[in-house]
Structure formats: structure tokens, C-alpha cells
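A.B. asks: This structure is in C-alpha cells; I'll ask about it shortly.
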Number of protein chains: 2
Amino acid sequence: MKVSELGEFGLIDLLAKMVHRTRDKPTAARQQLIIGIGDDAAVWHGDTSTQLATTDLLIQGVHFPSDITPWKDLGWRAMAANLSDIAAMGGVPKYALISLALPANTEVENVTDFYQGMIELAQQFDVAIVGGDTSNASLVIINITILGSAKEQDKPVLTRSAARADEKIAVTGYLGAAAAGVRMLKQHLQFDPEATACFEKAFLHPYPRIVEGQLLVDHGVKAAIDISDGLILDLKHICEASQVGARIEIDRVPIQSEVTANFGDSALELALAGGEDYELLFTASEESIDRISKAILCPVTVIGNTVADNIGQVILVDREGKPVNLPQAGWEHFTAR
Amino acid sequence: MKVSELGEFGLIDLLAKMVHRTRDKPTAARQQLIIGIGDDAAVWHGDTSTQLATTDLLIQGVHFPSDITPWKDLGWRAMAANLSDIAAMGGVPKYALISLALPANTEVENVTDFYQGMIELAQQFDVAIVGGDTSNASLVIINITILGSAKEQDKPVLTRSAARADEKIAVTGYLGAAAAGVRMLKQHLQFDPEATACFEKAFLHPYPRIVEGQLLVDHGVKAAIDISDGLILDLKHICEASQVGARIEIDRVPIQSEVTANFGDSALELALAGGEDYELLFTASEESIDRISKAILCPVTVIGNTVADNIGQVILVDREGKPVNLPQAGWEHFTAR
């Protein structure tokens, strides 16, 4: 059945039912919820913890090529990108508002698949979908708003502006696989099954570092960002907001091994500028990072350090400490590339 | 200058500066704010009042024809549509998150005009723009999320589901002028200056009934909705959610006089099904409405009553109580009209 046959209110009813079916678990967010989908606004009981809100727009052809993104994966990825912003603050995500625009001839099954993908990831973090908006459009447009809070009442959040000079710069996980996935799917590249699965998963099923972000707060980390635009560009955001410079030793950058094995000289570029890995990039003392490495389940790698000069700049150096240039430095909308 | 010349981060900086310039007034929302635009999420001190959140997607060619909507008015209207959802709950709007997608060749001045329109209305209700997302797209896409709270800690909010049978149905203000404005601008209709100004203002500069919504709560009203899709369709939402029927006496519907004077037989249809008037539609006892009429600054008109039968249905009757049919009943996306 097409969305046009079901109608807007029929579609809202169907999606609301899907969301309600997930409400068997009495999470904190659900216990506080008064009104979910179906009124002019979502309503819940407030509390005195520090509140977080983030919003993100995804547009067909700009953020996702529709031919390489199955609907269910699109839902997962859209939710992951937003949850990652809460992870980058070390917060606890609680509620999601979903705006969705679709061509009228979209199959209803595609929309329910999309919602299923979102719900599957949302449930892993006890996030309740509490409202949204649906509309007709010539292309698929998704806007997700996530509302959350700090983990504990008096705990600070991670910010882009709290880095100080002479801290170590570290990153969770391995980089480059999501960008490799985009390149593989767009250019129909062929790899062995393990590499194919790795790139597909990284691009279509990124896993936001929610638990890890909270653990960074617990260990006294102050400055962090998630890698959505690419390591260099996201680190530049920290440098500008914190008024420091950054020096990255490119040999230390943890590149996903399948990327190194299959992309040769491009592997470093994919890892530094590819984006959408949704790993966390943070600054801290060497001792803090040692403690974090022991407490955290994912790999944590020191890749460089902050400096007092070259404010707002990221400098790449090789093994001998010599500056290295990369042709491209991350993802920025609007600008001709 | 084009947006492409400024780049995404240049644009964000410019818009953030516009927003920051408005922050001279120490409102409650601003005093609670910890981090506004510029990090991965907005951050503020929570409180124990009942929380509200609403989101709304506006797409060029679907929700606004770009040739008849100047950028500044577009900003105002987008903000108004969202604030109206908070008004419909009787709430206090506090924070706004703005997602904006634009063609790269958009003039920067158009974007700042758009923001200026949003800011002008937001300031009237002490709403702080605290975050958002910008992106490239082939058409203009706007998503606004508004976060707010109940006016007082233990006050309830207005819902669609709280209407009971045998209540009066009332509406604020006059209806039909916004739809008349759309028709005038789209079809290049000519009217006298007063009517032209009235229709333009209704469509381009709707004023959300925030104060009136809060006053309804103060006077014990329980059920309300804002008229965005058209009186009949929005009343149908109340009927479905509250499991009641509704009977509207069409002669009582307060049609904007300029609409009656210029649209003849179509005036009633514009008032009942036109939408985008952003007036409040609510149910209450006759005595409550009498008290509200004395306390409120805008006109309040009783247009009918709720009934225990015909659940989920809106029935229109004439002066003699005979059923009347209208060809069209409001605005629903997706469905062929």
C-alpha cells in the first residue's frame, strides 16, 4: 500500500502503534512521560538534572543516497547520528521527536521499516519516541530531535570548549570504515566478505558511544566531540571553541584494519576526513586516558596533543614530527569541494 | 553574497551572532541556559515543571510557495506555527532548535532575513534559539522544535483528549483570513487595501495565542487544539481523542469580516476548512466561557457543542438545526484532494 492510500492520519496512527508496542519496559523516561504521540506537544514530568537537546536534518541525496541505504538502515543511521550528539556531551538520551517527509507514492512498508530501524536503536538506550510531524514532499526528509539529560544531577557535561593546551588527544574505536562503506556502495567496489560486512556495518549501522561518553564524564574528561564530519574538521571545532591548537601524529591514528588493507594510500584520508564514524574524540591528561582505557570496553588511542599556539588549527605530523598535508579536510555543507 | 561563498560554518557563526545579540534580557529561559548554539547539544538547568516539546517540518512548495512568502515572513510564520502548538497546550515556550536546509546559491541576506523574522516573534515570548542544524539542499526545508513547560508547576496542560460530551465548543478570534491570504497571493486576486492588508497579515504574520492558551488553563479549561489544519479537521482530532462527537452551528462561526465581504459563498469554506489561522479551539462549560470572555483580550465565540454520540465526527448544522455538507474538510497531507 502507498502512503497516499493510507493518508497522513492513517500513517500517524500506524507509526504511533509501532511506537506504543515498545513501551513494555518501565524506563525512567517512560515513567516521567505524560503524553506521547497524538497531541499538539509531548508532555513529561520535569526534573532538576541538566537538560540536553539536539536536532539533526537528513535529506535524501545530500546525507544519504537513497539507492544505497535500505529503509530500516536509514532509520537506524538517522537515530544513531542524533544519539551520537548526546554521547558527545556525555549525556543520557531520553526522548525523540521525529519529523518525516515522504513522496506520496512511498510504500507504507518502507516507512514502517524506517521506523523499525529507529525503534531498534532507540530501545537499546531506553529512548522513547514521543512525537513528531509527517508531511508530503518530493524527496525523503528526516529531522530528529533528541532530548536528554546529564547522567547525574551535579555532573558536568562534555563540551567542545573545555580543552586546554598540553592535553593528550584521544579517540575511541577505529576510523575510516564508514567512509569506506559509502565509497564501496557508491562506486560498486568489490571486497572480500569480511571487509564488505565491516564497511556496510560501519556506514549503515553505526553505534553511538552513549555509554562511553558517560564514562568519560565519570573519569573527569571535560572536552569531547563526536566524529561526524571527519576527525580533522571535528577536532578543529574543539580547537576553535577551546582556543587551542592541535598536533596529530598521523601514524598513531587508529585506522580500521579492513580500510588499511583495501584502500592503500587513501586509507589515512578516509580515517582523517571521511566522517560518519560516530566515534568520540576527546582531550584529557595521559593519566586519565590510562584509567579510561582500563574502564572502557572499546579501544582508546592517543593520537596527539593540544598546544597553546596555532589556535583553531589542526597540524598533522609524521613519525619524525614533520608537517604533512592532506588534500581534503572533512565535510562542510554548502562549500564547493 | 551566496551561502556557498560563506560556507556552512561561516553561516552558523553569522546566525549565532544574530541570536546572541538578542540576549540582553535576562529571561527565565536564558538564566537557566548553560550552552546555546555551538556545541553538540544545547544545555540548560532542568526544573520540576511539566515539560513540553513539539516539532514541525516546513517544506518549500508543500507548506509555503516560495514566490509568495518573503524570507522574513517565512521565518515569522515558521516560528508562529510551532509556538501555536505550545499555545494549544496552554504552555510557556522557552527554547527553539532550528534545522534549516538551503540551496547553496541562496543569498546570505535572505537567510539573515529569515532568522530576523523568527527572532522577532521568538523575542515577544522570551524564547531563546539555542541550537540547530544547517545543510545544503535543492529546496528550502525548515524544522523547528520548541521546548517549553507548563505555566505553573502543578497546573495541568490542555489536551485533545479531555473534552467531554455536552460541553460548549468555542474558538478565539476570527477565521478564514489566512486561507484567504493564500488564495489571494496564489491567484493574484485584487482587493481593497484594508482587505489586502488583513489577508496578508493573517497568512504571513499569524500571532500564536500563547497568552490566551495559558489563560484557558487558569480558567479550568481541559481540552484545546490550535487551528492549523482547518476548524473541522482540528475539531475532529479533539472528537477522536476524546471519544465524543461535535455539532457546529455554521451561522455562529466567526468569519473574518473581510473574508465574508470578498469571498461570498466561499467564505464559510475558508473559515471551516482553510487552516493556518492558529486560533485556539476549546471545549468548556458555558459559565467557564463567560468568565473567559471577560478575562481574555481577543473575541471568544461559542460555535456549537460536544455530544455523546457520533463519536469522532463533526456535524455541521444550519440555523434550523438541519445538517449541512461542505465539499472539503481541512488539510491532510499525502491524500489526493
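Residues in the C-alpha cells are named by chain (A, B, ... in the order shown) and by number from 1 within that chain; ligands are numbered from 1 in the order shown.
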Report as a Markdown table the residues of chain A within 8 Å of chain B, each with its shortest atom pair and distance in Å (one decimal), using only C-alpha atoms, ordered by chain and increasing residue number.

C.D. replies:
```
| residue | atom | partner | partner_atom | distance |
| --- | --- | --- | --- | --- |
| A:Val3 | CA | B:Phe334 | CA | 6.7 |
| A:Ser4 | CA | B:Phe334 | CA | 4.8 |
| A:Glu5 | CA | B:Thr335 | CA | 6.7 |
| A:Leu6 | CA | B:Thr335 | CA | 7.7 |
| A:Gly7 | CA | B:Thr335 | CA | 5.0 |
| A:Glu8 | CA | B:His333 | CA | 5.3 |
| A:Phe9 | CA | B:Glu332 | CA | 7.5 |
| A:Asp39 | CA | B:Arg160 | CA | 6.0 |
| A:Asp40 | CA | B:Asp85 | CA | 5.1 |
| A:Ala41 | CA | B:Thr54 | CA | 4.6 |
| A:Ala42 | CA | B:Ala53 | CA | 5.1 |
| A:Val43 | CA | B:Leu52 | CA | 4.7 |
| A:Trp44 | CA | B:Gln51 | CA | 5.2 |
| A:His45 | CA | B:Thr50 | CA | 4.6 |
| A:Gly46 | CA | B:Thr48 | CA | 4.3 |
| A:Asp47 | CA | B:Thr48 | CA | 4.4 |
| A:Thr48 | CA | B:Gly46 | CA | 4.3 |
| A:Ser49 | CA | B:Gly46 | CA | 5.3 |
| A:Thr50 | CA | B:His45 | CA | 4.6 |
| A:Gln51 | CA | B:Trp44 | CA | 5.2 |
| A:Leu52 | CA | B:Val43 | CA | 4.7 |
| A:Ala53 | CA | B:Ala42 | CA | 5.1 |
| A:Thr54 | CA | B:Ala41 | CA | 4.6 |
| A:Thr55 | CA | B:Gly132 | CA | 5.7 |
| A:Asp56 | CA | B:Asp133 | CA | 5.7 |
| A:Leu57 | CA | B:Ser99 | CA | 6.2 |
| A:Ile59 | CA | B:Ala137 | CA | 7.3 |
| A:Val62 | CA | B:Ala137 | CA | 6.7 |
| A:Asp85 | CA | B:Asp40 | CA | 5.2 |
| A:Ile86 | CA | B:Ala41 | CA | 6.7 |
| A:Ala88 | CA | B:Asp40 | CA | 6.6 |
| A:Met89 | CA | B:Asp40 | CA | 6.8 |
| A:Leu97 | CA | B:Thr55 | CA | 6.7 |
| A:Ile98 | CA | B:Thr55 | CA | 7.7 |
| A:Ser99 | CA | B:Leu57 | CA | 6.2 |
| A:Leu100 | CA | B:Leu57 | CA | 7.8 |
| A:Ala101 | CA | B:Leu57 | CA | 7.9 |
| A:Pro103 | CA | B:Phe334 | CA | 7.9 |
| A:Ala104 | CA | B:Phe334 | CA | 5.1 |
| A:Gly131 | CA | B:Thr54 | CA | 7.1 |
| A:Gly132 | CA | B:Thr55 | CA | 5.7 |
| A:Asp133 | CA | B:Asp56 | CA | 5.7 |
| A:Thr134 | CA | B:Leu57 | CA | 7.7 |
| A:Ser135 | CA | B:His333 | CA | 5.8 |
| A:Asn136 | CA | B:Phe334 | CA | 5.4 |
| A:Ala137 | CA | B:Val62 | CA | 6.7 |
| A:Asn143 | CA | B:Asn143 | CA | 6.9 |
| A:Thr145 | CA | B:Thr145 | CA | 7.4 |
| A:Thr159 | CA | B:Asp39 | CA | 6.5 |
| A:Arg160 | CA | B:Asp39 | CA | 6.1 |
| A:Ile225 | CA | B:Asp40 | CA | 7.0 |
| A:Glu332 | CA | B:Glu8 | CA | 6.1 |
| A:His333 | CA | B:Glu8 | CA | 5.3 |
| A:Phe334 | CA | B:Ser4 | CA | 4.8 |
| A:Thr335 | CA | B:Ser4 | CA | 4.9 |
| A:Ala336 | CA | B:Ser4 | CA | 6.9 |
```

A.B. asks: From the DSSP assignment of the backbone, select every residue of stretch 95-141 of chain A that is strand (DSSP E), and format the answer as a list in words.

C.D. replies: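 The strand (DSSP E) residues within stretch 95-141 of chain A come out as Tyr95, Ala96, Leu97, Ile98, Ser99, Leu100, Ala101, Leu102, Ala128, Ile129, Val130, Gly131, Gly132, Asp133, Thr134, Ser135, Asn136 and Ile141 of chain A.
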
A.B. asks: Can you tell me which residues surround stretch 184-200 of chain B at a distance of at most 12 Å, considering only C-alpha atoms, apart from same-chain residues fewer than 6 positions away, and format the answer as a ChimeraX atom specification?

C.D. replies: /B:61,64-70,73,77,174-178,206,256-263,270,276-277

A.B. asks: Could you pull out the alpha helix (DSSP H) residues of stretch 93-272 of chain B from DSSP and send them as a PyMOL selection string?

C.D. replies: chain B and resi 108-124+177-187+193-204+210-218+231-242+257-263+267-272

A.B. asks: For atom CA of A:Asp234 and atom CA of A:Leu281, determine how far apart the two atoms are, in Å to one decimal place.

C.D. replies: 8.2 Å

A.B. asks: Tell me which of B:Val182, B:Val111, B:Ala122, B:Met1 sits closest to B:Pro208, counting only C-alpha atoms.

C.D. replies: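 When distances to B:Pro208 are compared using only C-alpha atoms, the smallest one comes from B:Ala122.
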
A.B. asks: What does the distance between atom CA of B:Val307 and atom CA of B:Arg319 come to in Å, to one decimal place?

C.D. replies: 18.0 Å

A.B. asks: Using only C-alpha atoms, which residue out of A:Cys239, A:Ile250, A:Ile292, A:Ile303 lies closest to A:Leu215?

C.D. replies: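 Going through A:Cys239, A:Ile250, A:Ile292, A:Ile303 one by one, the smallest distance to A:Leu215 is for A:Ile292.
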
A.B. asks: Near A:Leu297, counting only C-alpha atoms, which residues have an atom at most 10 Å away, once you skip same-chain residues fewer than 3 positions from it, shown as an MDAnalysis selection string?

C.D. replies: chainID A and resid 172:173 211:212 292:294 300

A.B. asks: Kindly save the residues from that selection, with all heavy atoms included, as a PDB file, in the first residue's frame.

C.D. replies:
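What follows is the written file selection_16.pdb:
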```pdb
ATOM      1  N   THR A 172      38.045   7.103  20.448  1.00  0.00           N
ATOM      2  CA  THR A 172      37.541   5.747  20.688  1.00  0.00           C
ATOM      3  C   THR A 172      37.511   4.978  19.366  1.00  0.00           C
ATOM      4  O   THR A 172      37.395   5.577  18.296  1.00  0.00           O
ATOM      5  CB  THR A 172      36.107   5.765  21.271  1.00  0.00           C
ATOM      6  OG1 THR A 172      35.243   6.409  20.330  1.00  0.00           O
ATOM      7  CG2 THR A 172      36.045   6.493  22.606  1.00  0.00           C
ATOM      8  N   GLY A 173      37.598   3.674  19.444  1.00  0.00           N
ATOM      9  CA  GLY A 173      37.394   2.808  18.285  1.00  0.00           C
ATOM     10  C   GLY A 173      38.379   3.002  17.151  1.00  0.00           C
ATOM     11  O   GLY A 173      39.496   3.482  17.350  1.00  0.00           O
ATOM     12  N   VAL A 211      27.338   5.021  26.184  1.00  0.00           N
ATOM     13  CA  VAL A 211      27.910   4.514  27.437  1.00  0.00           C
ATOM     14  C   VAL A 211      29.317   5.085  27.639  1.00  0.00           C
ATOM     15  O   VAL A 211      29.685   5.509  28.744  1.00  0.00           O
ATOM     16  CB  VAL A 211      27.945   2.968  27.409  1.00  0.00           C
ATOM     17  CG1 VAL A 211      28.640   2.412  28.642  1.00  0.00           C
ATOM     18  CG2 VAL A 211      26.530   2.421  27.286  1.00  0.00           C
ATOM     19  N   GLU A 212      30.078   5.121  26.538  1.00  0.00           N
ATOM     20  CA  GLU A 212      31.456   5.603  26.610  1.00  0.00           C
ATOM     21  C   GLU A 212      31.488   7.102  26.959  1.00  0.00           C
ATOM     22  O   GLU A 212      32.340   7.541  27.736  1.00  0.00           O
ATOM     23  CB  GLU A 212      32.171   5.351  25.279  1.00  0.00           C
ATOM     24  CG  GLU A 212      32.394   3.866  24.965  1.00  0.00           C
ATOM     25  CD  GLU A 212      31.170   3.133  24.416  1.00  0.00           C
ATOM     26  OE1 GLU A 212      30.098   3.773  24.228  1.00  0.00           O
ATOM     27  OE2 GLU A 212      31.274   1.917  24.176  1.00  0.00           O
ATOM     28  N   ILE A 292      40.901   5.512  31.831  1.00  0.00           N
ATOM     29  CA  ILE A 292      39.747   5.298  30.948  1.00  0.00           C
ATOM     30  C   ILE A 292      39.939   4.029  30.118  1.00  0.00           C
ATOM     31  O   ILE A 292      39.015   3.225  29.974  1.00  0.00           O
ATOM     32  CB  ILE A 292      39.544   6.532  30.036  1.00  0.00           C
ATOM     33  CG1 ILE A 292      39.050   7.718  30.876  1.00  0.00           C
ATOM     34  CG2 ILE A 292      38.570   6.235  28.899  1.00  0.00           C
ATOM     35  CD1 ILE A 292      39.216   9.069  30.215  1.00  0.00           C
ATOM     36  N   SER A 293      41.149   3.844  29.601  1.00  0.00           N
ATOM     37  CA  SER A 293      41.424   2.662  28.758  1.00  0.00           C
ATOM     38  C   SER A 293      41.135   1.371  29.501  1.00  0.00           C
ATOM     39  O   SER A 293      40.714   0.372  28.912  1.00  0.00           O
ATOM     40  CB  SER A 293      42.891   2.661  28.324  1.00  0.00           C
ATOM     41  OG  SER A 293      43.141   3.769  27.507  1.00  0.00           O
ATOM     42  N   LYS A 294      41.370   1.397  30.812  1.00  0.00           N
ATOM     43  CA  LYS A 294      41.128   0.188  31.611  1.00  0.00           C
ATOM     44  C   LYS A 294      39.637  -0.009  31.888  1.00  0.00           C
ATOM     45  O   LYS A 294      39.170  -1.138  32.031  1.00  0.00           O
ATOM     46  CB  LYS A 294      41.909   0.265  32.923  1.00  0.00           C
ATOM     47  CG  LYS A 294      43.386  -0.078  32.714  1.00  0.00           C
ATOM     48  CD  LYS A 294      44.234   0.270  33.916  1.00  0.00           C
ATOM     49  CE  LYS A 294      45.703   0.335  33.513  1.00  0.00           C
ATOM     50  NZ  LYS A 294      46.445   1.365  34.241  1.00  0.00           N
ATOM     51  N   VAL A 300      40.839   2.772  23.048  1.00  0.00           N
ATOM     52  CA  VAL A 300      41.060   4.220  23.143  1.00  0.00           C
ATOM     53  C   VAL A 300      42.509   4.463  22.727  1.00  0.00           C
ATOM     54  O   VAL A 300      43.417   3.815  23.243  1.00  0.00           O
ATOM     55  CB  VAL A 300      40.827   4.731  24.578  1.00  0.00           C
ATOM     56  CG1 VAL A 300      41.330   6.170  24.731  1.00  0.00           C
ATOM     57  CG2 VAL A 300      39.351   4.653  24.936  1.00  0.00           C
TER      58      VAL A 300
END
```

A.B. asks: Nearest residue to A:Ala81 out of A:Asp290, A:Asp229, A:Glu120, A:Asp309, using only C-alpha atoms?

C.D. replies: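 Among A:Asp290, A:Asp229, A:Glu120, A:Asp309, it is A:Asp229 that comes nearest to A:Ala81.
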
A.B. asks: Hey, which of A:Val302, A:Ala179, A:Leu216, A:Val244 ends up closest to A:Ala202? Count only C-alpha atoms.

C.D. replies: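 Among the listed residues, the smallest separation from A:Ala202 belongs to A:Ala179.
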